[in-house]
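One file, data_12.cif, carrying mmCIF, C-alpha atoms:
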data_work
loop_
_atom_site.label_atom_id
_atom_site.label_comp_id
_atom_site.auth_asym_id
_atom_site.auth_seq_id
_atom_site.Cartn_x
_atom_site.Cartn_y
_atom_site.Cartn_z
CA MET A 198 -5.20 79.87 28.00
CA LEU A 199 -4.27 79.11 31.60
CA ILE A 200 -3.19 82.16 33.58
CA GLU A 201 -3.22 80.97 37.19
CA PHE A 202 -4.33 78.10 39.42
CA SER A 203 -4.58 78.36 43.20
CA VAL A 204 -5.45 75.80 45.86
CA GLY A 205 -5.47 76.02 49.63
CA ASN A 206 -7.55 75.77 52.77
CA TYR A 207 -9.41 79.06 52.98
CA ARG A 208 -9.83 82.10 50.86
CA SER A 209 -7.91 84.72 52.80
CA PHE A 210 -5.07 82.60 54.07
CA LYS A 211 -1.51 83.56 53.30
CA ASP A 212 -0.18 80.11 52.46
CA LYS A 213 -2.31 79.19 49.46
CA VAL A 214 -0.39 77.49 46.65
CA THR A 215 -0.50 79.38 43.35
CA LEU A 216 0.96 78.40 40.00
CA SER A 217 1.15 81.38 37.64
CA MET A 218 1.74 81.14 33.90
CA VAL A 219 2.21 84.91 33.65
CA ALA A 220 5.68 85.70 32.30
CA ALA A 221 7.85 87.61 34.75
CA ASP A 222 9.61 90.82 33.78
CA ILE A 223 12.93 89.18 33.00
CA THR A 224 15.13 88.92 29.93
CA ALA A 225 16.80 85.59 29.33
CA LYS A 226 20.43 85.41 28.26
CA ASP A 227 19.40 83.37 25.22
CA LYS A 228 17.08 85.59 23.17
CA LYS A 229 15.47 82.47 21.67
CA LEU A 230 13.92 81.72 25.06
CA ASP A 231 12.20 85.10 25.10
CA ASP A 232 11.02 84.80 21.51
CA ASN A 233 9.79 81.21 21.77
CA ASN A 234 8.91 80.39 25.37
CA VAL A 235 6.43 83.22 25.95
CA PHE A 236 3.59 84.71 23.93
CA ALA A 237 1.78 88.02 24.17
CA VAL A 238 -1.95 88.12 24.81
CA ASP A 239 -1.96 91.91 24.60
CA HIS A 240 0.43 94.77 25.37
CA LYS A 241 0.07 94.10 29.12
CA LEU A 242 -0.07 90.33 29.45
CA LYS A 243 2.49 87.72 28.39
CA LEU A 244 2.07 84.03 29.21
CA LEU A 245 4.48 81.09 29.43
CA LYS A 246 4.23 78.16 27.04
CA SER A 247 5.57 75.69 29.59
CA ALA A 248 6.34 75.35 33.28
CA ALA A 249 8.33 72.69 35.14
CA ILE A 250 7.68 71.89 38.81
CA TYR A 251 10.41 70.24 40.89
CA GLY A 252 10.35 68.97 44.43
CA ALA A 253 11.23 66.09 46.70
CA ASN A 254 9.00 63.04 46.99
CA ALA A 255 5.91 63.83 49.11
CA SER A 256 6.39 67.57 48.56
CA GLY A 257 2.89 67.97 47.10
CA LYS A 258 3.49 67.91 43.32
CA SER A 259 0.98 65.13 42.64
CA ASN A 260 -1.53 66.69 45.01
CA LEU A 261 -1.46 69.87 42.93
CA VAL A 262 -2.36 67.84 39.84
CA LYS A 263 -5.08 65.98 41.75
CA ALA A 264 -6.49 69.27 43.04
CA LEU A 265 -6.74 70.66 39.51
CA GLY A 266 -8.28 67.41 38.29
CA PHE A 267 -10.83 67.46 41.11
CA MET A 268 -11.72 71.09 40.45
CA ASN A 269 -12.28 70.34 36.77
CA TRP A 270 -14.44 67.29 37.57
CA PHE A 271 -16.48 69.07 40.26
CA MET A 272 -17.17 72.05 38.00
CA ILE A 273 -18.59 69.77 35.31
CA ASN A 274 -20.29 67.10 37.42
CA SER A 275 -21.37 68.47 40.81
CA SER A 276 -24.94 69.14 39.65
CA LYS A 277 -25.52 65.82 37.88
CA GLU A 278 -23.25 63.21 39.46
CA THR A 279 -24.04 63.88 43.13
CA GLN A 280 -27.13 63.67 45.33
CA SER A 281 -28.15 66.08 48.09
CA THR A 282 -26.95 63.67 50.79
CA ASP A 283 -23.59 62.85 49.16
CA GLN A 284 -20.38 64.06 50.76
CA ILE A 285 -17.98 66.09 48.64
CA ASN A 286 -14.76 64.19 47.96
CA VAL A 287 -12.39 66.81 49.35
CA GLU A 288 -9.82 66.53 52.13
CA PRO A 289 -8.53 69.49 54.16
CA PHE A 290 -4.96 69.88 55.36
CA ARG A 291 -4.89 67.60 58.41
CA LEU A 292 -1.54 68.50 59.98
CA SER A 293 -2.69 71.78 61.52
CA THR A 294 -5.40 72.40 64.11
CA ASP A 295 -5.93 75.80 62.44
CA THR A 296 -6.84 74.40 59.02
CA LYS A 297 -8.25 70.96 59.80
CA GLU A 298 -11.81 72.28 60.01
CA GLN A 299 -11.42 74.99 57.36
CA PRO A 300 -12.93 74.69 53.86
CA SER A 301 -10.72 73.95 50.86
CA PHE A 302 -10.10 76.73 48.35
CA PHE A 303 -9.85 76.37 44.54
CA GLU A 304 -9.46 79.16 41.98
CA LEU A 305 -8.74 79.20 38.26
CA VAL A 306 -7.86 82.26 36.17
CA PHE A 307 -8.05 81.71 32.42
CA LEU A 308 -8.62 83.31 29.02
CA MET A 309 -11.69 82.31 27.04
CA GLY A 310 -12.54 84.12 23.82
CA ARG A 311 -9.81 86.67 24.64
CA ARG A 312 -11.60 87.59 27.87
CA LYS A 313 -10.11 86.97 31.28
CA TYR A 314 -12.21 84.99 33.78
CA ARG A 315 -11.60 84.24 37.46
CA TYR A 316 -13.65 81.42 38.91
CA GLY A 317 -13.34 79.70 42.27
CA PHE A 318 -15.06 78.10 45.21
CA GLU A 319 -14.58 77.02 48.82
CA ILE A 320 -16.00 73.69 49.95
CA ASN A 321 -15.94 71.27 52.83
CA LYS A 322 -17.16 67.69 52.82
CA LYS A 323 -20.80 68.73 53.17
CA ILE A 324 -21.44 72.03 51.41
CA VAL A 325 -20.24 74.74 49.07
CA VAL A 326 -19.21 77.53 51.44
CA SER A 327 -18.60 80.18 48.79
CA GLU A 328 -18.33 80.49 45.02
CA TRP A 329 -17.49 83.34 42.67
CA LEU A 330 -17.14 84.20 38.99
CA PHE A 331 -15.60 87.45 37.70
CA TYR A 332 -14.57 88.52 34.21
CA VAL A 333 -12.97 91.48 32.46
CA PRO A 334 -15.30 92.64 29.67
CA LYS A 335 -13.15 95.67 28.85
CA GLN A 336 -10.64 96.92 31.42
CA ARG A 337 -12.10 96.39 34.88
CA GLU A 338 -12.90 93.11 36.55
CA THR A 339 -16.68 92.71 36.90
CA LYS A 340 -18.67 90.33 39.08
CA LEU A 341 -20.88 87.83 37.27
CA PHE A 342 -21.98 86.13 40.47
CA GLU A 343 -20.88 85.65 44.07
CA ARG A 344 -22.16 83.12 46.58
CA GLN A 345 -21.98 82.76 50.33
CA PHE A 346 -23.56 79.46 51.36
CA ASN A 347 -27.06 79.56 49.76
CA ASN A 348 -27.08 83.33 49.21
CA ILE A 349 -26.23 84.02 45.56
CA GLU A 350 -25.91 87.50 44.08
CA MET A 351 -25.42 87.91 40.36
CA ASN A 352 -25.04 90.39 37.55
CA LYS A 353 -27.85 90.64 34.98
CA THR A 354 -25.29 89.62 32.33
CA TYR A 355 -25.19 86.11 33.82
CA LYS A 356 -28.91 85.54 33.08
CA ALA A 357 -29.64 82.84 35.66
CA ASP A 358 -32.68 84.15 37.55
CA GLY A 359 -34.50 81.42 39.42
CA ILE A 360 -31.64 78.93 39.29
CA GLN A 361 -30.45 79.91 42.78
CA GLN A 362 -33.40 78.00 44.29
CA ARG A 363 -32.50 74.91 42.25
CA THR A 364 -28.92 74.80 43.52
CA ARG A 365 -28.24 72.22 46.24
CA ALA A 366 -25.94 73.06 49.11
CA ASN A 367 -23.37 70.50 47.88
CA ALA A 368 -23.47 71.54 44.20
CA LEU A 369 -21.81 74.40 42.36
CA PHE A 370 -24.01 77.20 41.05
CA LEU A 371 -21.89 77.26 37.88
CA SER A 372 -22.58 73.57 37.28
CA VAL A 373 -26.33 73.94 37.90
CA SER A 374 -26.44 77.02 35.65
CA ALA A 375 -24.96 75.02 32.79
CA GLN A 376 -27.60 72.33 33.33
CA PHE A 377 -30.23 75.03 32.78
CA ASN A 378 -28.54 76.36 29.63
CA VAL A 379 -27.02 79.55 31.01
CA GLU A 380 -24.76 80.48 28.12
CA ILE A 381 -21.73 81.76 30.05
CA ALA A 382 -21.74 78.71 32.33
CA GLU A 383 -22.03 76.35 29.36
CA GLU A 384 -19.12 78.06 27.62
CA ILE A 385 -16.90 77.87 30.71
CA LEU A 386 -17.59 74.19 31.32
CA ALA A 387 -17.08 73.42 27.63
CA TRP A 388 -13.78 75.31 27.79
CA THR A 389 -12.48 73.40 30.82
CA ASN A 390 -13.67 70.06 29.46
CA GLU A 391 -12.03 70.56 26.06
CA ASN A 392 -8.96 72.61 26.89
CA LEU A 393 -7.73 71.43 30.28
CA ASN A 394 -6.13 67.98 29.92
CA ILE A 395 -4.69 66.34 33.03
CA ALA A 396 -2.57 63.19 32.85
CA SER A 397 -0.52 60.97 35.11
CA GLY A 398 2.80 59.84 33.71
CA LEU A 399 2.45 56.64 35.76
CA ASP A 400 -0.89 55.45 34.35
CA ASN A 401 -0.83 54.77 30.61
CA LYS A 402 -4.27 53.18 30.21
CA PRO A 403 -6.54 56.23 29.78
CA LEU A 404 -3.91 57.99 27.66
CA LEU A 405 -3.39 54.88 25.55
CA GLN A 406 -7.10 54.73 24.76
CA TYR A 407 -7.07 58.42 23.84
CA THR A 408 -4.27 57.86 21.31
CA VAL A 409 -6.00 54.78 19.89
CA ASP A 410 -9.26 56.72 19.48
CA CYS A 411 -7.43 59.55 17.68
CA ILE A 412 -5.79 57.12 15.26
CA MET A 413 -8.97 55.14 14.58
CA LYS A 414 -10.89 58.37 13.90
CA ASP A 415 -8.00 59.57 11.70
CA ASP A 416 -7.69 62.59 14.01
CA ASN A 417 -4.10 63.80 13.38
CA LYS A 418 -3.16 60.16 12.76
CA ASN A 419 -0.09 60.84 10.62
CA ASP A 420 1.32 63.43 13.03
CA ILE A 421 0.83 61.09 16.00
CA LEU A 422 2.60 58.19 14.31
CA GLN A 423 5.38 60.44 13.05
CA LEU A 424 5.97 61.82 16.56
CA ILE A 425 6.31 58.32 18.00
CA LYS A 426 8.67 57.16 15.26
CA ASN A 427 10.83 60.27 15.54
CA LEU A 428 11.16 60.14 19.31
CA ASP A 429 11.77 56.41 19.73
CA LEU A 430 14.64 55.19 17.54
CA GLY A 431 14.20 51.74 16.02
CA ILE A 432 10.49 51.81 15.20
CA ASP A 433 9.84 51.87 11.47
CA ASP A 434 6.05 51.87 11.57
CA ILE A 435 3.08 51.51 13.92
CA LYS A 436 -0.25 49.87 13.15
CA VAL A 437 -3.47 50.00 15.16
CA GLU A 438 -6.27 47.52 14.46
CA GLN A 439 -9.55 46.83 16.19
CA GLU A 440 -11.45 43.55 15.95
CA ASN A 441 -14.93 42.70 17.16
CA PHE A 442 -15.53 39.47 19.05
CA SER A 443 -18.33 37.82 20.96
CA PHE A 444 -18.43 37.89 24.74
CA ALA A 445 -19.93 34.40 24.68
CA LEU A 446 -16.73 32.97 23.16
CA LEU A 447 -14.51 34.14 26.02
CA PRO A 448 -13.20 31.66 28.63
CA ASP A 449 -15.21 31.67 31.89
CA ASN A 450 -12.38 33.24 33.92
CA LEU A 451 -12.24 36.22 31.55
CA LYS A 452 -16.01 36.59 31.61
CA GLU A 453 -15.86 37.02 35.39
CA ILE A 454 -13.22 39.76 35.08
CA ILE A 455 -15.25 41.86 32.63
CA VAL A 456 -18.70 41.02 33.99
CA ASN A 457 -19.43 44.76 34.25
CA ALA A 458 -18.87 45.34 30.53
CA SER A 459 -21.69 47.42 29.05
CA ASN A 460 -22.19 45.29 25.92
CA PHE A 461 -21.95 41.55 26.32
CA GLY A 462 -23.01 40.70 22.79
CA GLU A 463 -20.25 42.39 20.78
CA MET A 464 -16.90 43.52 22.16
CA ARG A 465 -13.81 45.07 20.61
CA ALA A 466 -10.14 44.20 20.98
CA THR A 467 -7.38 46.67 20.12
CA LEU A 468 -4.16 45.38 18.58
CA ILE A 469 -1.18 47.76 18.48
CA SER A 470 1.87 46.56 16.61
CA THR A 471 5.25 48.11 15.84
CA SER A 472 7.46 47.28 12.88
CA HIS A 473 11.25 46.92 13.11
CA LYS A 474 13.69 46.37 10.26
CA ILE A 475 15.76 43.16 10.18
CA PHE A 476 19.32 43.31 8.83
CA ASP A 477 21.70 40.53 7.83
CA GLU A 478 25.30 40.05 8.94
CA TYR A 479 26.38 42.57 6.31
CA SER A 480 24.03 45.26 7.71
CA LYS A 481 21.77 44.98 4.69
CA TYR A 482 18.03 45.36 5.13
CA LYS A 483 16.22 42.04 4.70
CA SER A 484 12.70 42.21 6.11
CA ILE A 485 10.35 43.50 8.81
CA GLU A 486 9.71 42.04 12.25
CA VAL A 487 6.37 42.90 13.89
CA PHE A 488 6.19 43.41 17.68
CA ASP A 489 3.20 43.66 19.96
CA LEU A 490 3.37 47.03 21.75
CA GLU A 491 2.39 45.73 25.18
CA ARG A 492 4.33 42.45 25.12
CA HIS A 493 7.52 43.39 23.29
CA GLU A 494 8.16 47.11 23.58
CA SER A 495 9.75 48.91 26.53
CA GLU A 496 7.83 50.86 29.18
CA GLY A 497 9.20 54.05 27.66
CA THR A 498 7.91 53.21 24.16
CA GLN A 499 4.49 52.31 25.57
CA LYS A 500 4.38 55.60 27.46
CA LEU A 501 5.35 57.57 24.35
CA PHE A 502 2.54 55.95 22.41
CA ALA A 503 0.09 56.73 25.22
CA LEU A 504 1.13 60.40 25.42
CA ALA A 505 1.40 61.00 21.68
CA GLY A 506 -2.28 61.58 20.91
CA LEU A 507 -2.75 64.06 23.73
CA ILE A 508 0.48 65.93 22.92
CA VAL A 509 -0.30 66.29 19.21
CA ASN A 510 -3.92 67.35 19.72
CA THR A 511 -2.96 69.79 22.47
CA LEU A 512 -0.41 71.44 20.17
CA LYS A 513 -2.79 71.52 17.21
CA GLN A 514 -5.71 72.99 19.18
CA GLY A 515 -3.73 75.37 21.40
CA ARG A 516 -4.91 73.67 24.59
CA ILE A 517 -3.38 72.99 28.02
CA ILE A 518 -1.84 69.76 29.25
CA VAL A 519 -0.76 69.05 32.83
CA ILE A 520 1.40 65.93 33.24
CA ASP A 521 2.47 64.46 36.56
CA GLU A 522 5.77 62.51 36.46
CA LEU A 523 6.55 63.42 32.83
CA ASP A 524 9.99 61.83 33.06
CA ALA A 525 8.83 58.42 34.36
CA SER A 526 10.15 55.72 31.98
CA LEU A 527 11.44 58.32 29.50
CA HIS A 528 15.03 59.08 28.53
CA PRO A 529 16.04 62.67 29.48
CA LEU A 530 16.49 63.58 25.80
CA ILE A 531 12.94 62.50 25.02
CA SER A 532 11.56 64.54 27.93
CA GLN A 533 13.57 67.49 26.62
CA ALA A 534 12.22 66.99 23.09
CA ILE A 535 8.63 67.09 24.39
CA VAL A 536 9.29 70.35 26.26
CA GLU A 537 10.92 71.83 23.15
CA LEU A 538 7.81 70.99 21.13
CA PHE A 539 5.82 73.34 23.35
CA ASN A 540 8.49 76.03 23.61
CA SER A 541 8.99 76.30 19.84
CA ASN A 542 7.06 78.80 17.71
CA GLU A 543 7.44 76.41 14.80
CA THR A 544 5.86 73.35 16.45
CA ASN A 545 3.56 75.31 18.79
CA PRO A 546 2.16 78.20 16.71
CA ASN A 547 -1.19 78.06 18.55
CA ASN A 548 0.39 78.73 21.98
CA ALA A 549 -0.53 75.48 23.68
CA GLN A 550 0.70 75.23 27.28
CA LEU A 551 2.48 72.41 29.09
CA VAL A 552 2.76 72.14 32.87
CA PHE A 553 4.70 69.14 34.13
CA MET A 554 6.00 67.69 37.37
CA THR A 555 9.43 66.09 37.15
CA HIS A 556 12.61 64.96 38.91
CA ASP A 557 14.67 65.20 35.71
CA THR A 558 17.32 67.79 36.53
CA ASN A 559 18.68 67.64 32.96
CA LEU A 560 15.78 69.93 32.05
CA LEU A 561 17.06 72.59 34.48
CA SER A 562 18.94 74.38 31.75
CA ASN A 563 19.06 78.07 30.87
CA LYS A 564 19.13 76.95 27.23
CA LEU A 565 15.71 75.28 27.59
CA LEU A 566 13.77 77.20 30.25
CA ARG A 567 13.55 80.77 31.50
CA ARG A 568 13.76 81.28 35.26
CA ASP A 569 10.02 81.99 35.49
CA GLN A 570 9.29 78.63 33.86
CA ILE A 571 10.99 76.75 36.71
CA TRP A 572 9.00 76.15 39.89
CA PHE A 573 9.79 74.38 43.14
CA MET A 574 7.56 72.70 45.72
CA GLU A 575 8.76 72.23 49.27
CA LYS A 576 7.17 71.17 52.53
CA ASN A 577 8.04 73.04 55.69
CA ARG A 578 8.63 71.41 59.08
CA TYR A 579 4.88 71.52 59.74
CA GLY A 580 3.97 69.59 56.58
CA ALA A 581 2.58 72.56 54.63
CA THR A 582 3.54 72.96 50.96
CA ASP A 583 5.04 76.07 49.41
CA LEU A 584 5.27 76.66 45.64
CA TYR A 585 7.69 79.27 44.34
CA SER A 586 9.44 80.24 41.13
CA LEU A 587 13.15 80.50 40.34
CA ALA A 588 12.33 84.03 39.14
CA GLU A 589 11.96 84.99 42.82
CA TYR A 590 15.70 84.36 43.34
CA LYS A 591 18.49 86.74 42.44
CA VAL A 592 20.12 84.39 39.98
CA ARG A 593 21.91 85.17 36.74
CA ASN A 594 20.11 83.94 33.64
CA ASP A 595 23.26 82.06 32.63
CA ALA A 596 23.68 80.35 36.01
CA SER A 597 23.86 76.56 36.25
CA PHE A 598 20.30 75.93 37.43
CA GLU A 599 20.81 72.16 37.68
CA SER A 600 24.00 72.31 39.73
CA ASP A 601 22.63 74.94 42.09
CA TYR A 602 19.42 72.96 42.60
CA ILE A 603 21.25 69.74 43.43
CA LYS A 604 23.40 71.68 45.92
CA GLY A 605 20.21 72.82 47.66
CA ARG A 606 20.47 76.50 46.79
CA TYR A 607 16.79 76.69 45.85
CA GLY A 608 15.45 74.17 48.37
CA ALA A 609 12.83 71.63 47.25
CA ILE A 610 15.21 68.66 47.60
CA PRO A 611 15.03 65.71 50.00
CA TYR A 612 17.05 66.10 53.18
CA ILE A 613 18.38 62.61 53.72
CA GLY A 614 19.39 61.60 57.21
CA LYS A 615 22.30 59.40 58.17
CA LEU A 616 21.85 55.85 56.92
CA ASN A 617 24.84 54.24 58.66
CA TYR A 618 22.48 52.76 61.24
CA LEU A 619 21.74 50.10 58.61
CA ALA A 620 25.35 48.95 58.78
CA ASP A 621 25.18 48.93 62.56
CA SER A 622 22.03 46.82 62.51
CA HIS A 623 23.89 44.06 60.59
CA ALA A 624 26.91 44.09 62.89
#

Would you write the structure of this file as structure tokens?
Amino acid sequence: MLIEFSVGNYRSFKDKVTLSMVAADITAKDKKLDDNNVFAVDHKLKLLKSAAIYGANASGKSNLVKALGFMNWFMINSSKETQSTDQINVEPFRLSTDTKEQPSFFELVFLMGRRKYRYGFEINKKIVVSEWLFYVPKQRETKLFERQFNNIEMNKTYKADGIQQRTRANALFLSVSAQFNVEIAEEILAWTNENLNIASGLDNKPLLQYTVDCIMKDDNKNDILQLIKNLDLGIDDIKVEQENFSFALLPDNLKEIIVNASNFGEMRATLISTSHKIFDEYSKYKSIEVFDLERHESEGTQKLFALAGLIVNTLKQGRIIVIDELDASLHPLISQAIVELFNSNETNPNNAQLVFMTHDTNLLSNKLLRRDQIWFMEKNRYGATDLYSLAEYKVRNDASFESDYIKGRYGAIPYIGKLNYLADSHA
């Protein structure tokens, strides 16, 4: 389970951005929200099932998703996908002389096997400046290892003697440890790889392939198809077929496009079709019309299909999904239905978690979200991003969150200047 994610420019600085999934000590007006939207890990810790992040364009919402995606990738791949001379693909905050040369900070707090772990690192483009891993075996947080540049100190529990010398300056000790079969490191990287799913609501291609793979492997196939049919009115059935064909039979112009394909001899085409009922002038059912998903269906339907596999598997396995621009191409009621899937004890018994970035103010409802599930991102006059929760405000639980947000009470909205100069320019 995700507890907390932090990103910033250096470890001790006061302006680091932190998203916390820890439930605040509040009681919602609607008791259903308290019963459904949070779950208890133990008598001390309760976590949120979903969190919505609002903010103006260019406020930093997408950068938060990218930072989490980069952290996940670097944890898994820094020891095997990079060379000693490679630069690290990280960019510091460039709008301040104070932070421009400072390392970037990443930290993740999570539950794995009912134990709490805190892992993080600081890096610049050339080296890993620091790295740390702590866990709570019983009640107190205990250090597993801590690194400052090339100096690595570790607990005997970590069992990685000798691996310090094999760790490059631009690689993570955690990643190298996993390469050498250190059990704790392997478990952590397996956990992040399997449980932390990050998606862009603007790019359907990787998500589409994920859903296709799930259906072809019969992995929750019926639930995936049922979700799509239930959310998008008008579709009676969906069919996914794959056909093999020879690369040699393709036209020359297509061969040039896919010249980097790994297997030129035998390739596979995916055909996704949707079925719609045809009615006569008396509203009587007559037959079925088959549409091609990409050519005939709306952007919203295509996006639903792309998201469906990841949503269903995340719910079934109790995993975490982070979606940037959830509302892009989707009707507000469909976005709401997806959030309700995660908030409901009935459809989310395994306590999967959804974090999403959105501009859809229809979701700012005290009937759907608790105050601690609503977050705002805002840039100050110096270009730095702040992330804060509605729970930090003295607001009644039955207040109109949407109306107050649009009025600017919580910030995180665009401040639009006067546009009448456009009229003057045409005079």

* Closest to Leu561 (chain A) among A:Phe539, A:Tyr407, A:Phe377, A:Phe573, using all atoms listed in the file? ->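 Ranking A:Phe539, A:Tyr407, A:Phe377, A:Phe573 by distance to Leu561 (chain A), first place goes to A:Phe573.
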
Please write as a count of residues only the full residue list that the PyMOL selection byres ((chain A and resi 389) around 10) yields on this file. 19

For Phe598 (chain A), work out the shell of residues within 12 Å, counting only C-alpha atoms and skipping chain neighbours fewer than 6 positions away, then give it as a ChimeraX atom specification. /A:251,558-568,570-572,587-588,590,592,604-607

Evaluating the PyMOL selection byres ((chain A and resi 306) around 8) on the displayed file yields which residues, as a PDB file with C-alpha atoms, keeping the file's coordinate frame?
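Result file is selection_0.pdb:
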ATOM      1  CA  LEU A 199      -4.270  79.110  31.600  1.00  0.00           C
ATOM      2  CA  ILE A 200      -3.190  82.160  33.580  1.00  0.00           C
ATOM      3  CA  GLU A 201      -3.220  80.970  37.190  1.00  0.00           C
ATOM      4  CA  PHE A 202      -4.330  78.100  39.420  1.00  0.00           C
ATOM      5  CA  GLU A 304      -9.460  79.160  41.980  1.00  0.00           C
ATOM      6  CA  LEU A 305      -8.740  79.200  38.260  1.00  0.00           C
ATOM      7  CA  PHE A 307      -8.050  81.710  32.420  1.00  0.00           C
ATOM      8  CA  LEU A 308      -8.620  83.310  29.020  1.00  0.00           C
ATOM      9  CA  LYS A 313     -10.110  86.970  31.280  1.00  0.00           C
ATOM     10  CA  TYR A 314     -12.210  84.990  33.780  1.00  0.00           C
ATOM     11  CA  ARG A 315     -11.600  84.240  37.460  1.00  0.00           C
ATOM     12  CA  TYR A 316     -13.650  81.420  38.910  1.00  0.00           C
TER      13      TYR A 316
END

Step by step, work through what the PyMOL selection byres ((chain A and resi 357) around 12) selects in the shown file, and finish by giving those residues as a tab-separated table (two decimals) with C-alpha atoms, in the frame of the given file.
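Below is the file that was written, expr-v6.tsv:
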chain	number	residue	atom	x	y	z
A	341	LEU	CA	-20.88	87.83	37.27
A	342	PHE	CA	-21.98	86.13	40.47
A	349	ILE	CA	-26.23	84.02	45.56
A	350	GLU	CA	-25.91	87.50	44.08
A	351	MET	CA	-25.42	87.91	40.36
A	352	ASN	CA	-25.04	90.39	37.55
A	353	LYS	CA	-27.85	90.64	34.98
A	354	THR	CA	-25.29	89.62	32.33
A	355	TYR	CA	-25.19	86.11	33.82
A	356	LYS	CA	-28.91	85.54	33.08
A	358	ASP	CA	-32.68	84.15	37.55
A	359	GLY	CA	-34.50	81.42	39.42
A	360	ILE	CA	-31.64	78.93	39.29
A	361	GLN	CA	-30.45	79.91	42.78
A	362	GLN	CA	-33.40	78.00	44.29
A	363	ARG	CA	-32.50	74.91	42.25
A	364	THR	CA	-28.92	74.80	43.52
A	370	PHE	CA	-24.01	77.20	41.05
A	371	LEU	CA	-21.89	77.26	37.88
A	372	SER	CA	-22.58	73.57	37.28
A	373	VAL	CA	-26.33	73.94	37.90
A	374	SER	CA	-26.44	77.02	35.65
A	375	ALA	CA	-24.96	75.02	32.79
A	376	GLN	CA	-27.60	72.33	33.33
A	377	PHE	CA	-30.23	75.03	32.78
A	378	ASN	CA	-28.54	76.36	29.63
A	379	VAL	CA	-27.02	79.55	31.01
A	380	GLU	CA	-24.76	80.48	28.12
A	381	ILE	CA	-21.73	81.76	30.05
A	382	ALA	CA	-21.74	78.71	32.33
A	383	GLU	CA	-22.03	76.35	29.36

What are the nearest atom pairs, with distances in Å to one decimal, for all residues of region 470-508 of chain A that come at most 12 Å from region 396-403 of chain A, using only C-alpha atoms, set out by chain and rising residue number as CSV?
residue,atom,partner,partner_atom,distance
A:Glu491,CA,A:Asn401,CA,11.0
A:Glu496,CA,A:Asn401,CA,9.6
A:Gly497,CA,A:Asn401,CA,10.5
A:Thr498,CA,A:Asn401,CA,11.0
A:Gln499,CA,A:Asn401,CA,7.7
A:Lys500,CA,A:Asn401,CA,6.1
A:Leu501,CA,A:Asn401,CA,9.2
A:Phe502,CA,A:Asn401,CA,8.9
A:Ala503,CA,A:Asn401,CA,5.8
A:Leu504,CA,A:Asn401,CA,7.9
A:Ala505,CA,A:Asn401,CA,11.1
A:Gly506,CA,A:Pro403,CA,11.2
A:Leu507,CA,A:Ala396,CA,9.2
A:Ile508,CA,A:Ala396,CA,10.7

Exercise for the section: Find, counting only C-alpha atoms, the residue in A:Asn260, A:Ser541, A:Asn548, A:Ser276 that gets nearest to Val214 (chain A). Expected result: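 Among the listed residues, A:Asn260 lies closest to Val214 (chain A).
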